[in-house]
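Colleague: So I've got this file, upload.cif, and it contains mmCIF, C-alpha atoms and all ligand atoms:
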```cif
data_query
loop_
_atom_site.group_PDB
_atom_site.id
_atom_site.type_symbol
_atom_site.label_atom_id
_atom_site.label_comp_id
_atom_site.auth_asym_id
_atom_site.auth_seq_id
_atom_site.Cartn_x
_atom_site.Cartn_y
_atom_site.Cartn_z
ATOM 1 C CA MET F 724 -0.054 -29.220 21.032
ATOM 2 C CA ASN F 725 -0.805 -32.578 22.602
ATOM 3 C CA ILE F 726 -2.878 -34.401 20.002
ATOM 4 C CA THR F 727 -2.752 -37.655 21.934
ATOM 5 C CA SER F 728 -4.928 -36.406 24.780
ATOM 6 C CA PRO F 729 -8.532 -37.617 24.449
ATOM 7 C CA ARG F 730 -9.714 -34.110 25.344
ATOM 8 C CA GLU F 731 -7.675 -32.547 22.523
ATOM 9 C CA ILE F 732 -8.788 -35.223 20.056
ATOM 10 C CA THR F 733 -12.444 -34.534 20.920
ATOM 11 C CA ARG F 734 -11.896 -30.779 20.586
ATOM 12 C CA LEU F 735 -10.155 -31.086 17.214
ATOM 13 C CA LEU F 736 -12.831 -33.359 15.818
ATOM 14 C CA ALA F 737 -15.733 -31.280 17.184
ATOM 15 C CA GLU F 738 -14.316 -27.974 15.900
ATOM 16 C CA ASN F 739 -14.135 -29.499 12.438
ATOM 17 C CA GLY F 740 -17.589 -31.068 12.617
ATOM 18 C CA LEU F 741 -16.131 -34.588 12.663
ATOM 19 C CA SER F 742 -16.475 -37.736 14.732
ATOM 20 C CA PRO F 743 -14.477 -41.009 14.535
ATOM 21 C CA LEU F 744 -15.710 -43.115 11.621
ATOM 22 C CA LYS F 745 -16.091 -46.825 12.287
ATOM 23 C CA LYS F 746 -16.205 -47.616 8.570
ATOM 24 C CA PHE F 747 -12.591 -46.392 8.242
ATOM 25 C CA GLY F 748 -11.382 -48.106 11.421
ATOM 26 C CA GLN F 749 -10.741 -44.781 13.136
ATOM 27 C CA ASN F 750 -9.340 -45.501 16.584
ATOM 28 C CA PHE F 751 -6.812 -42.767 17.226
ATOM 29 C CA LEU F 752 -3.783 -43.292 19.442
ATOM 30 C CA CYS F 753 -4.204 -41.342 22.665
ATOM 31 C CA ASP F 754 -1.028 -42.412 24.437
ATOM 32 C CA GLU F 755 2.095 -40.437 23.585
ATOM 33 C CA ASN F 756 4.395 -43.128 25.031
ATOM 34 C CA VAL F 757 3.014 -45.680 22.599
ATOM 35 C CA VAL F 758 3.408 -43.260 19.687
ATOM 36 C CA GLN F 759 7.061 -42.653 20.575
ATOM 37 C CA LYS F 760 7.700 -46.371 21.141
ATOM 38 C CA ILE F 761 6.385 -47.226 17.673
ATOM 39 C CA ALA F 762 8.557 -44.586 16.005
ATOM 40 C CA ASP F 763 11.584 -45.652 18.099
ATOM 41 C CA CYS F 764 11.280 -49.333 17.209
ATOM 42 C CA MET F 765 11.749 -48.427 13.532
ATOM 43 C CA HIS F 766 15.345 -47.286 14.245
ATOM 44 C CA LEU F 767 15.085 -44.562 11.618
ATOM 45 C CA ALA F 768 18.138 -42.631 10.464
ATOM 46 C CA PRO F 769 17.838 -38.905 9.615
ATOM 47 C CA GLY F 770 18.197 -39.683 5.888
ATOM 48 C CA ASP F 771 15.332 -42.215 5.754
ATOM 49 C CA PHE F 772 12.094 -42.068 3.780
ATOM 50 C CA VAL F 773 8.840 -43.262 5.361
ATOM 51 C CA LEU F 774 5.419 -44.084 3.997
ATOM 52 C CA GLU F 775 2.714 -43.936 6.650
ATOM 53 C CA ILE F 776 -0.647 -45.627 6.079
ATOM 54 C CA GLY F 777 -3.605 -43.857 7.717
ATOM 55 C CA THR F 778 -2.617 -40.387 8.955
ATOM 56 C CA GLY F 779 -5.570 -39.951 11.297
ATOM 57 C CA LEU F 780 -4.975 -36.755 13.265
ATOM 58 C CA GLY F 781 -1.239 -37.082 12.679
ATOM 59 C CA ALA F 782 0.056 -38.339 16.033
ATOM 60 C CA LEU F 783 2.378 -40.936 14.535
ATOM 61 C CA THR F 784 3.089 -38.746 11.499
ATOM 62 C CA ARG F 785 4.625 -36.105 13.782
ATOM 63 C CA ALA F 786 6.833 -38.640 15.538
ATOM 64 C CA LEU F 787 7.988 -40.015 12.178
ATOM 65 C CA GLY F 788 8.561 -36.524 10.786
ATOM 66 C CA ALA F 789 10.842 -35.761 13.726
ATOM 67 C CA ARG F 790 13.042 -38.765 12.915
ATOM 68 C CA ALA F 791 13.073 -39.163 9.124
ATOM 69 C CA LYS F 792 14.122 -37.118 6.125
ATOM 70 C CA LYS F 793 10.704 -37.294 4.491
ATOM 71 C CA VAL F 794 7.319 -38.756 5.410
ATOM 72 C CA VAL F 795 4.479 -39.355 2.982
ATOM 73 C CA SER F 796 1.243 -40.261 4.719
ATOM 74 C CA VAL F 797 -1.882 -41.539 2.958
ATOM 75 C CA GLU F 798 -5.318 -40.854 4.463
ATOM 76 C CA ILE F 799 -8.646 -41.894 2.975
ATOM 77 C CA ASP F 800 -10.850 -39.547 5.012
ATOM 78 C CA ARG F 801 -10.891 -36.139 3.369
ATOM 79 C CA GLY F 802 -12.484 -34.607 6.478
ATOM 80 C CA LEU F 803 -9.328 -35.245 8.488
ATOM 81 C CA LEU F 804 -7.129 -33.429 5.996
ATOM 82 C CA ALA F 805 -8.544 -30.075 7.152
ATOM 83 C CA LEU F 806 -7.201 -30.795 10.655
ATOM 84 C CA HIS F 807 -3.656 -31.339 9.496
ATOM 85 C CA LYS F 808 -3.127 -27.601 8.919
ATOM 86 C CA GLU F 809 -3.201 -27.398 12.706
ATOM 87 C CA THR F 810 -1.823 -30.768 13.820
ATOM 88 C CA LEU F 811 1.030 -30.994 11.308
ATOM 89 C CA ALA F 812 1.842 -27.281 11.149
ATOM 90 C CA GLY F 813 5.536 -26.554 10.656
ATOM 91 C CA LEU F 814 6.471 -30.088 9.562
ATOM 92 C CA THR F 815 7.961 -29.249 6.184
ATOM 93 C CA ASN F 816 9.166 -32.801 5.537
ATOM 94 C CA VAL F 817 5.639 -34.289 5.768
ATOM 95 C CA THR F 818 3.257 -34.678 2.814
ATOM 96 C CA VAL F 819 -0.271 -36.006 3.283
ATOM 97 C CA LEU F 820 -1.925 -37.609 0.266
ATOM 98 C CA GLU F 821 -5.653 -38.081 0.178
ATOM 99 C CA GLY F 822 -6.817 -41.483 -1.040
ATOM 100 C CA ASP F 823 -7.271 -45.183 -0.512
ATOM 101 C CA ILE F 824 -3.886 -46.839 0.079
ATOM 102 C CA LEU F 825 -5.131 -49.985 -1.678
ATOM 103 C CA LYS F 826 -5.458 -48.010 -4.905
ATOM 104 C CA TYR F 827 -1.893 -46.701 -4.830
ATOM 105 C CA ASP F 828 0.873 -48.125 -6.957
ATOM 106 C CA LEU F 829 3.648 -48.102 -4.354
ATOM 107 C CA LYS F 830 6.427 -48.251 -6.953
ATOM 108 C CA GLY F 831 4.990 -45.114 -8.575
ATOM 109 C CA LEU F 832 4.551 -43.385 -5.205
ATOM 110 C CA CYS F 833 8.164 -44.209 -4.349
ATOM 111 C CA ALA F 834 9.447 -42.887 -7.679
ATOM 112 C CA GLU F 835 7.491 -39.655 -7.275
ATOM 113 C CA HIS F 836 8.201 -38.912 -3.619
ATOM 114 C CA PHE F 837 11.357 -40.794 -2.652
ATOM 115 C CA GLY F 838 13.274 -40.600 -5.947
ATOM 116 C CA GLY F 839 12.834 -44.380 -6.301
ATOM 117 C CA GLY F 840 14.970 -44.979 -3.194
ATOM 118 C CA PRO F 841 14.319 -47.495 -0.421
ATOM 119 C CA PHE F 842 11.742 -46.565 2.186
ATOM 120 C CA HIS F 843 10.141 -47.796 5.396
ATOM 121 C CA VAL F 844 6.406 -48.395 5.837
ATOM 122 C CA CYS F 845 4.568 -47.699 9.059
ATOM 123 C CA GLY F 846 0.942 -47.542 10.094
ATOM 124 C CA ASN F 847 -1.582 -47.917 12.844
ATOM 125 C CA LEU F 848 -3.627 -49.891 10.361
ATOM 126 C CA PRO F 849 -7.378 -49.790 9.875
ATOM 127 C CA TYR F 850 -8.305 -53.310 10.997
ATOM 128 C CA TYR F 851 -10.958 -53.931 8.337
ATOM 129 C CA ILE F 852 -8.240 -54.235 5.670
ATOM 130 C CA THR F 853 -5.101 -55.242 7.610
ATOM 131 C CA SER F 854 -4.265 -58.379 5.617
ATOM 132 C CA ARG F 855 -4.916 -56.690 2.288
ATOM 133 C CA ILE F 856 -2.616 -53.798 3.174
ATOM 134 C CA LEU F 857 0.135 -56.136 4.399
ATOM 135 C CA MET F 858 0.036 -58.197 1.220
ATOM 136 C CA GLN F 859 -0.159 -55.057 -0.948
ATOM 137 C CA VAL F 860 3.016 -53.689 0.641
ATOM 138 C CA LEU F 861 4.858 -57.011 0.537
ATOM 139 C CA GLU F 862 3.885 -57.792 -3.048
ATOM 140 C CA SER F 863 4.309 -54.261 -4.425
ATOM 141 C CA GLY F 864 7.800 -54.809 -5.812
ATOM 142 C CA ALA F 865 8.692 -51.376 -4.366
ATOM 143 C CA PRO F 866 11.980 -51.090 -2.431
ATOM 144 C CA VAL F 867 10.413 -51.467 1.031
ATOM 145 C CA ARG F 868 13.087 -51.924 3.721
ATOM 146 C CA SER F 869 10.839 -52.567 6.681
ATOM 147 C CA LEU F 870 7.198 -52.725 7.654
ATOM 148 C CA THR F 871 6.039 -51.710 11.134
ATOM 149 C CA ALA F 872 2.328 -51.970 11.806
ATOM 150 C CA MET F 873 -0.246 -51.860 14.561
ATOM 151 C CA VAL F 874 -2.575 -54.818 14.060
ATOM 152 C CA GLN F 875 -5.075 -56.717 16.194
ATOM 153 C CA LYS F 876 -3.290 -58.786 18.821
ATOM 154 C CA GLU F 877 -4.732 -61.987 17.313
ATOM 155 C CA VAL F 878 -3.405 -61.076 13.870
ATOM 156 C CA ALA F 879 0.028 -60.342 15.378
ATOM 157 C CA GLY F 880 -0.097 -63.806 16.957
ATOM 158 C CA ARG F 881 -0.833 -65.355 13.574
ATOM 159 C CA LEU F 882 1.866 -63.343 11.815
ATOM 160 C CA SER F 883 4.627 -64.177 14.248
ATOM 161 C CA ALA F 884 3.608 -67.826 14.705
ATOM 162 C CA ARG F 885 6.102 -70.539 13.865
ATOM 163 C CA PRO F 886 5.469 -73.917 12.188
ATOM 164 C CA GLY F 887 3.657 -76.175 14.631
ATOM 165 C CA ASP F 888 1.926 -73.290 16.462
ATOM 166 C CA THR F 889 -1.886 -73.337 16.361
ATOM 167 C CA ASP F 890 -1.895 -69.810 14.921
ATOM 168 C CA TYR F 891 0.387 -70.689 12.015
ATOM 169 C CA GLY F 892 -1.624 -70.338 8.815
ATOM 170 C CA ALA F 893 -1.736 -69.176 5.212
ATOM 171 C CA LEU F 894 -1.164 -65.497 6.134
ATOM 172 C CA THR F 895 1.955 -66.372 8.149
ATOM 173 C CA ALA F 896 3.354 -68.625 5.449
ATOM 174 C CA SER F 897 2.638 -66.021 2.735
ATOM 175 C CA CYS F 898 4.542 -63.335 4.674
ATOM 176 C CA LEU F 899 7.456 -65.693 5.273
ATOM 177 C CA TYR F 900 8.251 -65.538 1.562
ATOM 178 C CA PHE F 901 9.333 -61.928 2.147
ATOM 179 C CA ALA F 902 10.225 -61.596 5.805
ATOM 180 C CA GLN F 903 10.071 -63.024 9.296
ATOM 181 C CA PRO F 904 7.411 -61.001 11.191
ATOM 182 C CA GLU F 905 8.107 -60.310 14.877
ATOM 183 C CA THR F 906 5.730 -58.994 17.521
ATOM 184 C CA VAL F 907 7.514 -56.042 19.158
ATOM 185 C CA PHE F 908 5.050 -55.115 21.932
ATOM 186 C CA THR F 909 1.355 -55.257 22.723
ATOM 187 C CA VAL F 910 -0.895 -52.225 23.103
ATOM 188 C CA SER F 911 -3.947 -52.091 25.341
ATOM 189 C CA ARG F 912 -7.291 -50.998 23.871
ATOM 190 C CA SER F 913 -7.268 -48.145 26.426
ATOM 191 C CA CYS F 914 -4.499 -46.429 24.409
ATOM 192 C CA PHE F 915 -6.992 -45.530 21.664
ATOM 193 C CA TYR F 916 -9.804 -43.044 21.331
ATOM 194 C CA PRO F 917 -12.411 -44.375 20.928
ATOM 195 C CA ALA F 918 -11.289 -47.675 22.516
ATOM 196 C CA PRO F 919 -11.729 -50.624 20.114
ATOM 197 C CA ASP F 920 -13.160 -53.976 21.234
ATOM 198 C CA VAL F 921 -9.788 -55.697 20.931
ATOM 199 C CA ASP F 922 -6.198 -55.276 22.109
ATOM 200 C CA SER F 923 -3.469 -54.620 19.569
ATOM 201 C CA ALA F 924 0.198 -55.279 18.930
ATOM 202 C CA ILE F 925 3.034 -53.846 16.900
ATOM 203 C CA ILE F 926 4.522 -56.200 14.362
ATOM 204 C CA ARG F 927 7.697 -55.560 12.468
ATOM 205 C CA MET F 928 9.326 -57.105 9.423
ATOM 206 C CA GLU F 929 12.714 -56.367 7.936
ATOM 207 C CA LEU F 930 12.475 -57.035 4.224
ATOM 208 C CA SER F 931 15.350 -58.466 2.287
ATOM 209 C CA HIS F 932 15.444 -60.422 -0.934
ATOM 210 C CA PRO F 933 13.051 -63.367 -0.895
ATOM 211 C CA THR F 934 14.794 -66.357 0.613
ATOM 212 C CA CYS F 935 12.862 -68.633 -1.706
ATOM 213 C CA ASP F 936 14.142 -69.004 -5.265
ATOM 214 C CA VAL F 937 10.789 -69.672 -6.956
ATOM 215 C CA PRO F 938 8.500 -66.945 -8.280
ATOM 216 C CA ARG F 939 6.051 -65.678 -5.651
ATOM 217 C CA ASP F 940 2.970 -66.844 -7.610
ATOM 218 C CA GLY F 941 4.131 -70.458 -7.443
ATOM 219 C CA TYR F 942 4.933 -70.219 -3.744
ATOM 220 C CA THR F 943 1.565 -68.590 -2.996
ATOM 221 C CA ALA F 944 -0.334 -71.208 -5.005
ATOM 222 C CA VAL F 945 1.294 -73.957 -2.920
ATOM 223 C CA VAL F 946 0.576 -72.178 0.386
ATOM 224 C CA ARG F 947 -3.079 -71.609 -0.571
ATOM 225 C CA ALA F 948 -3.587 -75.215 -1.632
ATOM 226 C CA ALA F 949 -1.730 -76.562 1.403
ATOM 227 C CA PHE F 950 -3.907 -74.632 3.868
ATOM 228 C CA SER F 951 -7.178 -75.036 1.923
ATOM 229 C CA MET F 952 -8.415 -77.598 4.464
ATOM 230 C CA ARG F 953 -6.450 -77.501 7.689
ATOM 231 C CA ARG F 954 -7.455 -80.949 8.864
ATOM 232 C CA LYS F 955 -6.477 -82.694 5.664
ATOM 233 C CA THR F 956 -2.980 -83.951 5.066
ATOM 234 C CA ILE F 957 -0.613 -81.913 2.938
ATOM 235 C CA CYS F 958 -0.781 -84.695 0.348
ATOM 236 C CA ASN F 959 -4.558 -84.509 -0.020
ATOM 237 C CA ASN F 960 -4.574 -80.725 -0.203
ATOM 238 C CA LEU F 961 -1.813 -80.638 -2.805
ATOM 239 C CA LYS F 962 -3.744 -82.930 -5.150
ATOM 240 C CA ALA F 963 -5.622 -79.813 -6.318
ATOM 241 C CA LEU F 964 -2.334 -78.533 -7.742
ATOM 242 C CA ALA F 965 -0.310 -81.632 -8.532
ATOM 243 C CA GLY F 966 -2.950 -84.333 -9.043
ATOM 244 C CA GLU F 967 -1.829 -87.887 -8.310
ATOM 245 C CA ASP F 968 1.835 -86.770 -8.369
ATOM 246 C CA ALA F 969 1.379 -85.057 -4.992
ATOM 247 C CA LYS F 970 2.762 -87.986 -2.990
ATOM 248 C CA LEU F 971 5.811 -88.428 -5.219
ATOM 249 C CA ILE F 972 6.555 -84.730 -5.096
ATOM 250 C CA LEU F 973 6.380 -84.674 -1.299
ATOM 251 C CA LYS F 974 8.634 -87.704 -1.054
ATOM 252 C CA SER F 975 11.166 -86.099 -3.395
ATOM 253 C CA CYS F 976 11.162 -83.095 -1.034
ATOM 254 C CA LYS F 977 11.604 -85.427 1.967
ATOM 255 C CA ILE F 978 8.274 -84.295 3.439
ATOM 256 C CA ASP F 979 5.938 -86.756 5.136
ATOM 257 C CA PRO F 980 2.783 -86.917 2.938
ATOM 258 C CA ASN F 981 0.723 -87.310 6.114
ATOM 259 C CA ALA F 982 2.004 -84.053 7.618
ATOM 260 C CA ARG F 983 -0.337 -81.050 7.931
ATOM 261 C CA ALA F 984 0.412 -77.696 6.278
ATOM 262 C CA GLN F 985 0.782 -76.014 9.675
ATOM 263 C CA GLU F 986 3.879 -78.146 10.380
ATOM 264 C CA LEU F 987 5.789 -77.014 7.264
ATOM 265 C CA THR F 988 8.447 -74.302 7.071
ATOM 266 C CA ALA F 989 8.653 -71.646 4.367
ATOM 267 C CA SER F 990 11.616 -73.416 2.774
ATOM 268 C CA GLN F 991 9.570 -76.627 2.551
ATOM 269 C CA PHE F 992 6.735 -74.762 0.761
ATOM 270 C CA CYS F 993 9.404 -73.376 -1.508
ATOM 271 C CA GLU F 994 10.789 -76.864 -2.262
ATOM 272 C CA ILE F 995 7.291 -78.140 -3.090
ATOM 273 C CA ALA F 996 6.658 -75.171 -5.401
ATOM 274 C CA LYS F 997 9.955 -75.862 -7.168
ATOM 275 C CA SER F 998 9.070 -79.523 -7.749
ATOM 276 C CA ILE F 999 5.533 -78.845 -8.925
ATOM 277 C CA PHE F 1000 6.300 -75.990 -11.253
ATOM 278 C CA GLN F 1001 9.419 -77.601 -12.675
ATOM 279 C CA LYS F 1002 7.355 -80.678 -13.462
ATOM 280 C CA LEU F 1003 4.456 -78.910 -15.194
HETATM 281 N N1 LIG F 1101 -2.347 -42.965 12.552
HETATM 282 C C1 LIG F 1101 -3.472 -42.505 13.329
HETATM 283 C C2 LIG F 1101 -3.230 -42.813 14.797
HETATM 284 O O1 LIG F 1101 -2.361 -43.645 15.076
HETATM 285 O O2 LIG F 1101 -3.917 -42.251 15.637
HETATM 286 C C3 LIG F 1101 -4.795 -43.100 12.855
HETATM 287 C C4 LIG F 1101 -4.924 -44.585 12.959
HETATM 288 S S1 LIG F 1101 -6.560 -45.200 12.636
HETATM 289 C C5 LIG F 1101 -6.473 -46.797 13.405
HETATM 290 C C6 LIG F 1101 -6.514 -45.702 10.933
HETATM 291 C C7 LIG F 1101 -6.480 -44.528 9.944
HETATM 292 O O3 LIG F 1101 -6.445 -45.077 8.612
HETATM 293 C C8 LIG F 1101 -7.715 -43.638 9.992
HETATM 294 O O4 LIG F 1101 -7.326 -42.297 9.994
HETATM 295 C C9 LIG F 1101 -8.487 -43.990 8.728
HETATM 296 O O5 LIG F 1101 -9.288 -42.943 8.235
HETATM 297 C C10 LIG F 1101 -7.357 -44.365 7.782
HETATM 298 N N2 LIG F 1101 -7.763 -45.288 6.695
HETATM 299 C C11 LIG F 1101 -8.741 -46.227 6.724
HETATM 300 N N3 LIG F 1101 -8.804 -46.885 5.553
HETATM 301 C C12 LIG F 1101 -7.833 -46.349 4.771
HETATM 302 C C13 LIG F 1101 -7.409 -46.612 3.435
HETATM 303 N N4 LIG F 1101 -7.980 -47.559 2.677
HETATM 304 N N5 LIG F 1101 -6.405 -45.865 2.925
HETATM 305 C C14 LIG F 1101 -5.813 -44.890 3.683
HETATM 306 N N6 LIG F 1101 -6.176 -44.605 4.955
HETATM 307 C C15 LIG F 1101 -7.160 -45.335 5.495
#
```
Have the structure of the file written as C-alpha cells, please.
Ligand code: SAM
Modeller:
Amino acid sequence: MNITSPREITRLLAENGLSPLKKFGQNFLCDENVVQKIADCMHLAPGDFVLEIGTGLGALTRALGARAKKVVSVEIDRGLLALHKETLAGLTNVTVLEGDILKYDLKGLCAEHFGGGPFHVCGNLPYYITSRILMQVLESGAPVRSLTAMVQKEVAGRLSARPGDTDYGALTASCLYFAQPETVFTVSRSCFYPAPDVDSAIIRMELSHPTCDVPRDGYTAVVRAAFSMRRKTICNNLKALAGEDAKLILKSCKIDPNARAQELTASQFCEIAKSIFQKL
C-alpha cells in the first residue's frame, strides 16, 4: 500500500469519513523519498527504540518500524486511529497511543514502553505547537538520545542559527543548553497533502549531557532576561535579574556590557548564570 500518494490519502480519509484537520496541523507527507530520507538521517540501529510524535496516517511510522526495534507513536486525533488497522497492518513492533503529546510524562512513557532505556524522538510536527513540543522533549529528563523533527523552514533557521546571526534568539539559546541543532535538509510544501503555506526543514539534535554546569532553570532565566528586549544591551536586560550588579557580573565573565544577547554563546550565558546564582 502506498500511503504517500495523494490519491491513496484522499481515499483512506474519505472511506473513514475524515478530512485533514487544520486545528491539529494535519499536513500529511505525500512523498515517499522524503519519508525514507527522514528515517535514514536518524541512523537507527535494529535494537533502537523510537518515540514518534503525530502518527497521521502512519507514513513515517512505517519507515521507522522497518528500522527500529520498537516504535511508540502518539496521535491526538482519534479519528485517524481507525485507519491504522489498514495502514500499519502487520507492524508488530509499532504501538499507537491516542492522546496529546504535551500531556505525556516522557519519563513514564519510556519506563512503560522502552524499559527505561534510551530512545530517539522523531516527528513531522504539528506547527501550532512546535516550540512547546521541542522544549517538552528537551526538558523531560527522559533518556532521549536524539531528536529529529520536521519544522517550518523559518523555525529551522532560528534553531540552527549561530551567535551573531539575525535568526539567533531565545529558542536557539535555550536548545543549546541540551544540544546543537542542525538543519539536515529542506522540504518543499508540495511534499505534503494538503500543501501548507510554508516550506519546511528537518532539524536534528544529538543529545548528550548538558555542556553547561548550572541548573537549567538558572540558564533559562538568564536567556529569557537577555533576550527580553533585543535592541537593549545585555547589561540593561540583565538588570531585571541581577539589579545594579549586572555590569560587574558581565565584567567578571569578560563580556562587554554593551554587547547584545544575540552575540553571546551558550557558554557565556552559562557563565553569567553561574555568577548571578552563586551571588544570590
Ligand atoms: N506523521 C504524519 C506524516 O508525516 O504524514 C503526520 C504529520 S502531521 C504534520 C502532524 C500530526 O500530529 C497529525 O496527525 C496531527 O493530528 C498530530 N497532532 C497534532 N497535535 C498533536 C498533539 N498535541 N499530540 C499528538 N499528536 C498531535
Colleague: List as a ChimeraX atom specification the protein and nucleic acid residues lying within 7 Å of ligand LIG 1101 (chain F), with all atoms listed in the file counted.
Modeller: /F:747-752,776-784,797-800,822-825,846-849
Colleague: Selected residues, C-alpha atoms, written as an mmCIF file, in the frame of the given file, please.
Modeller:
```
data_model
loop_
_atom_site.group_PDB
_atom_site.id
_atom_site.type_symbol
_atom_site.label_atom_id
_atom_site.label_comp_id
_atom_site.auth_asym_id
_atom_site.auth_seq_id
_atom_site.Cartn_x
_atom_site.Cartn_y
_atom_site.Cartn_z
ATOM 1 C CA PHE F 747 -12.591 -46.392 8.242
ATOM 2 C CA GLY F 748 -11.382 -48.106 11.421
ATOM 3 C CA GLN F 749 -10.741 -44.781 13.136
ATOM 4 C CA ASN F 750 -9.340 -45.501 16.584
ATOM 5 C CA PHE F 751 -6.812 -42.767 17.226
ATOM 6 C CA LEU F 752 -3.783 -43.292 19.442
ATOM 7 C CA ILE F 776 -0.647 -45.627 6.079
ATOM 8 C CA GLY F 777 -3.605 -43.857 7.717
ATOM 9 C CA THR F 778 -2.617 -40.387 8.955
ATOM 10 C CA GLY F 779 -5.570 -39.951 11.297
ATOM 11 C CA LEU F 780 -4.975 -36.755 13.265
ATOM 12 C CA GLY F 781 -1.239 -37.082 12.679
ATOM 13 C CA ALA F 782 0.056 -38.339 16.033
ATOM 14 C CA LEU F 783 2.378 -40.936 14.535
ATOM 15 C CA THR F 784 3.089 -38.746 11.499
ATOM 16 C CA VAL F 797 -1.882 -41.539 2.958
ATOM 17 C CA GLU F 798 -5.318 -40.854 4.463
ATOM 18 C CA ILE F 799 -8.646 -41.894 2.975
ATOM 19 C CA ASP F 800 -10.850 -39.547 5.012
ATOM 20 C CA GLY F 822 -6.817 -41.483 -1.040
ATOM 21 C CA ASP F 823 -7.271 -45.183 -0.512
ATOM 22 C CA ILE F 824 -3.886 -46.839 0.079
ATOM 23 C CA LEU F 825 -5.131 -49.985 -1.678
ATOM 24 C CA GLY F 846 0.942 -47.542 10.094
ATOM 25 C CA ASN F 847 -1.582 -47.917 12.844
ATOM 26 C CA LEU F 848 -3.627 -49.891 10.361
ATOM 27 C CA PRO F 849 -7.378 -49.790 9.875
#
```
Colleague: Counting all atoms listed in the file, which residues sit no farther than 8 Å from the position (-12.2, -38.6, 17.8) in the file's frame? I'd like them as a PDB file with C-alpha atoms, in the coordinates of the input.
Modeller:
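Written file, point-v1.pdb:
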```
ATOM      1  CA  PRO F 729      -8.532 -37.617  24.449  1.00  0.00           C
ATOM      2  CA  ILE F 732      -8.788 -35.223  20.056  1.00  0.00           C
ATOM      3  CA  THR F 733     -12.444 -34.534  20.920  1.00  0.00           C
ATOM      4  CA  LEU F 735     -10.155 -31.086  17.214  1.00  0.00           C
ATOM      5  CA  LEU F 736     -12.831 -33.359  15.818  1.00  0.00           C
ATOM      6  CA  LEU F 741     -16.131 -34.588  12.663  1.00  0.00           C
ATOM      7  CA  SER F 742     -16.475 -37.736  14.732  1.00  0.00           C
ATOM      8  CA  PRO F 743     -14.477 -41.009  14.535  1.00  0.00           C
ATOM      9  CA  GLN F 749     -10.741 -44.781  13.136  1.00  0.00           C
ATOM     10  CA  ASN F 750      -9.340 -45.501  16.584  1.00  0.00           C
ATOM     11  CA  PHE F 751      -6.812 -42.767  17.226  1.00  0.00           C
ATOM     12  CA  TYR F 916      -9.804 -43.044  21.331  1.00  0.00           C
ATOM     13  CA  PRO F 917     -12.411 -44.375  20.928  1.00  0.00           C
TER      14      PRO F 917
END
```
Colleague: What is the distance between atom CA of Gln991 of chain F and atom CA of Glu929 of chain F, in Å to one decimal?
Modeller: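 Taking atom CA of Gln991 of chain F and atom CA of Glu929 of chain F, their separation equals 21.2 Å.
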Colleague: What would the selection look like, as a ChimeraX atom specification, if the PyMOL selection byres (((chain F and resi 809) around 12) and not hetatm) were run on the coordinates I just shared?
Modeller: /F:724-726,731,735-736,738-739,780-782,785,803-808,810-814
Colleague: Any chance you could resolve the PyMOL selection byres (((chain F and resi 874) around 8) and not hetatm) against this file and give the residues as a list in words?
Modeller: Asn847, Leu848, Tyr850, Thr853, Ala872, Met873, Gln875, Lys876, Val878, Ala879, Ser923, Ala924, Ile925 and Ile926 of chain F
Colleague: Atom CA of Cys993 of chain F to atom CA of Thr934 of chain F: how many Å, to one decimal?
Modeller: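 So the two atoms, atom CA of Cys993 of chain F and atom CA of Thr934 of chain F, lie 9.1 Å apart.
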Colleague: Calculated over all atoms listed in the file, which of the candidates F:Thr871, F:Gln985, F:Ser990, F:Thr818 has the smallest distance to Val907 of chain F?
Modeller: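 Comparing F:Thr871, F:Gln985, F:Ser990, F:Thr818 against Val907 of chain F, the winner is F:Thr871.
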Colleague: From the set F:Asn960, F:Asn816, F:Asn756, F:Ser998, which residue has the shortest atom-to-atom contact distance to Gly770 of chain F, counting only C-alpha atoms?
Modeller: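 So, comparing all the options, the nearest one is F:Asn816.
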Colleague: Provide the atom CA of Phe842 of chain F to atom CA of Arg868 of chain F distance in Å, to one decimal place.
Modeller: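 It comes out at 5.7 Å.
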Colleague: Could you model N, CA and C atoms for segment 730-739 of chain F and present them as an mmCIF file, in the coordinates of the input?
Modeller:
```cif
data_model
loop_
_atom_site.group_PDB
_atom_site.id
_atom_site.type_symbol
_atom_site.label_atom_id
_atom_site.label_comp_id
_atom_site.auth_asym_id
_atom_site.auth_seq_id
_atom_site.Cartn_x
_atom_site.Cartn_y
_atom_site.Cartn_z
ATOM 1 N N ARG F 730 -9.010 -35.392 25.334
ATOM 2 C CA ARG F 730 -9.714 -34.110 25.344
ATOM 3 C C ARG F 730 -9.382 -33.295 24.078
ATOM 4 N N GLU F 731 -8.106 -33.298 23.705
ATOM 5 C CA GLU F 731 -7.675 -32.547 22.523
ATOM 6 C C GLU F 731 -8.232 -33.193 21.240
ATOM 7 N N ILE F 732 -8.246 -34.521 21.234
ATOM 8 C CA ILE F 732 -8.788 -35.223 20.056
ATOM 9 C C ILE F 732 -10.264 -34.841 19.880
ATOM 10 N N THR F 733 -11.014 -34.864 20.989
ATOM 11 C CA THR F 733 -12.444 -34.534 20.920
ATOM 12 C C THR F 733 -12.622 -33.086 20.458
ATOM 13 N N ARG F 734 -11.781 -32.198 20.974
ATOM 14 C CA ARG F 734 -11.896 -30.779 20.586
ATOM 15 C C ARG F 734 -11.625 -30.625 19.083
ATOM 16 N N LEU F 735 -10.522 -31.232 18.625
ATOM 17 C CA LEU F 735 -10.155 -31.086 17.214
ATOM 18 C C LEU F 735 -11.258 -31.613 16.297
ATOM 19 N N LEU F 736 -11.787 -32.762 16.656
ATOM 20 C CA LEU F 736 -12.831 -33.359 15.818
ATOM 21 C C LEU F 736 -14.079 -32.480 15.846
ATOM 22 N N ALA F 737 -14.493 -32.055 17.046
ATOM 23 C CA ALA F 737 -15.733 -31.280 17.184
ATOM 24 C C ALA F 737 -15.620 -29.946 16.436
ATOM 25 N N GLU F 738 -14.475 -29.280 16.563
ATOM 26 C CA GLU F 738 -14.316 -27.974 15.900
ATOM 27 C C GLU F 738 -14.383 -28.091 14.386
ATOM 28 N N ASN F 739 -14.089 -29.296 13.887
ATOM 29 C CA ASN F 739 -14.135 -29.499 12.438
ATOM 30 C C ASN F 739 -15.381 -30.268 11.997
#
```
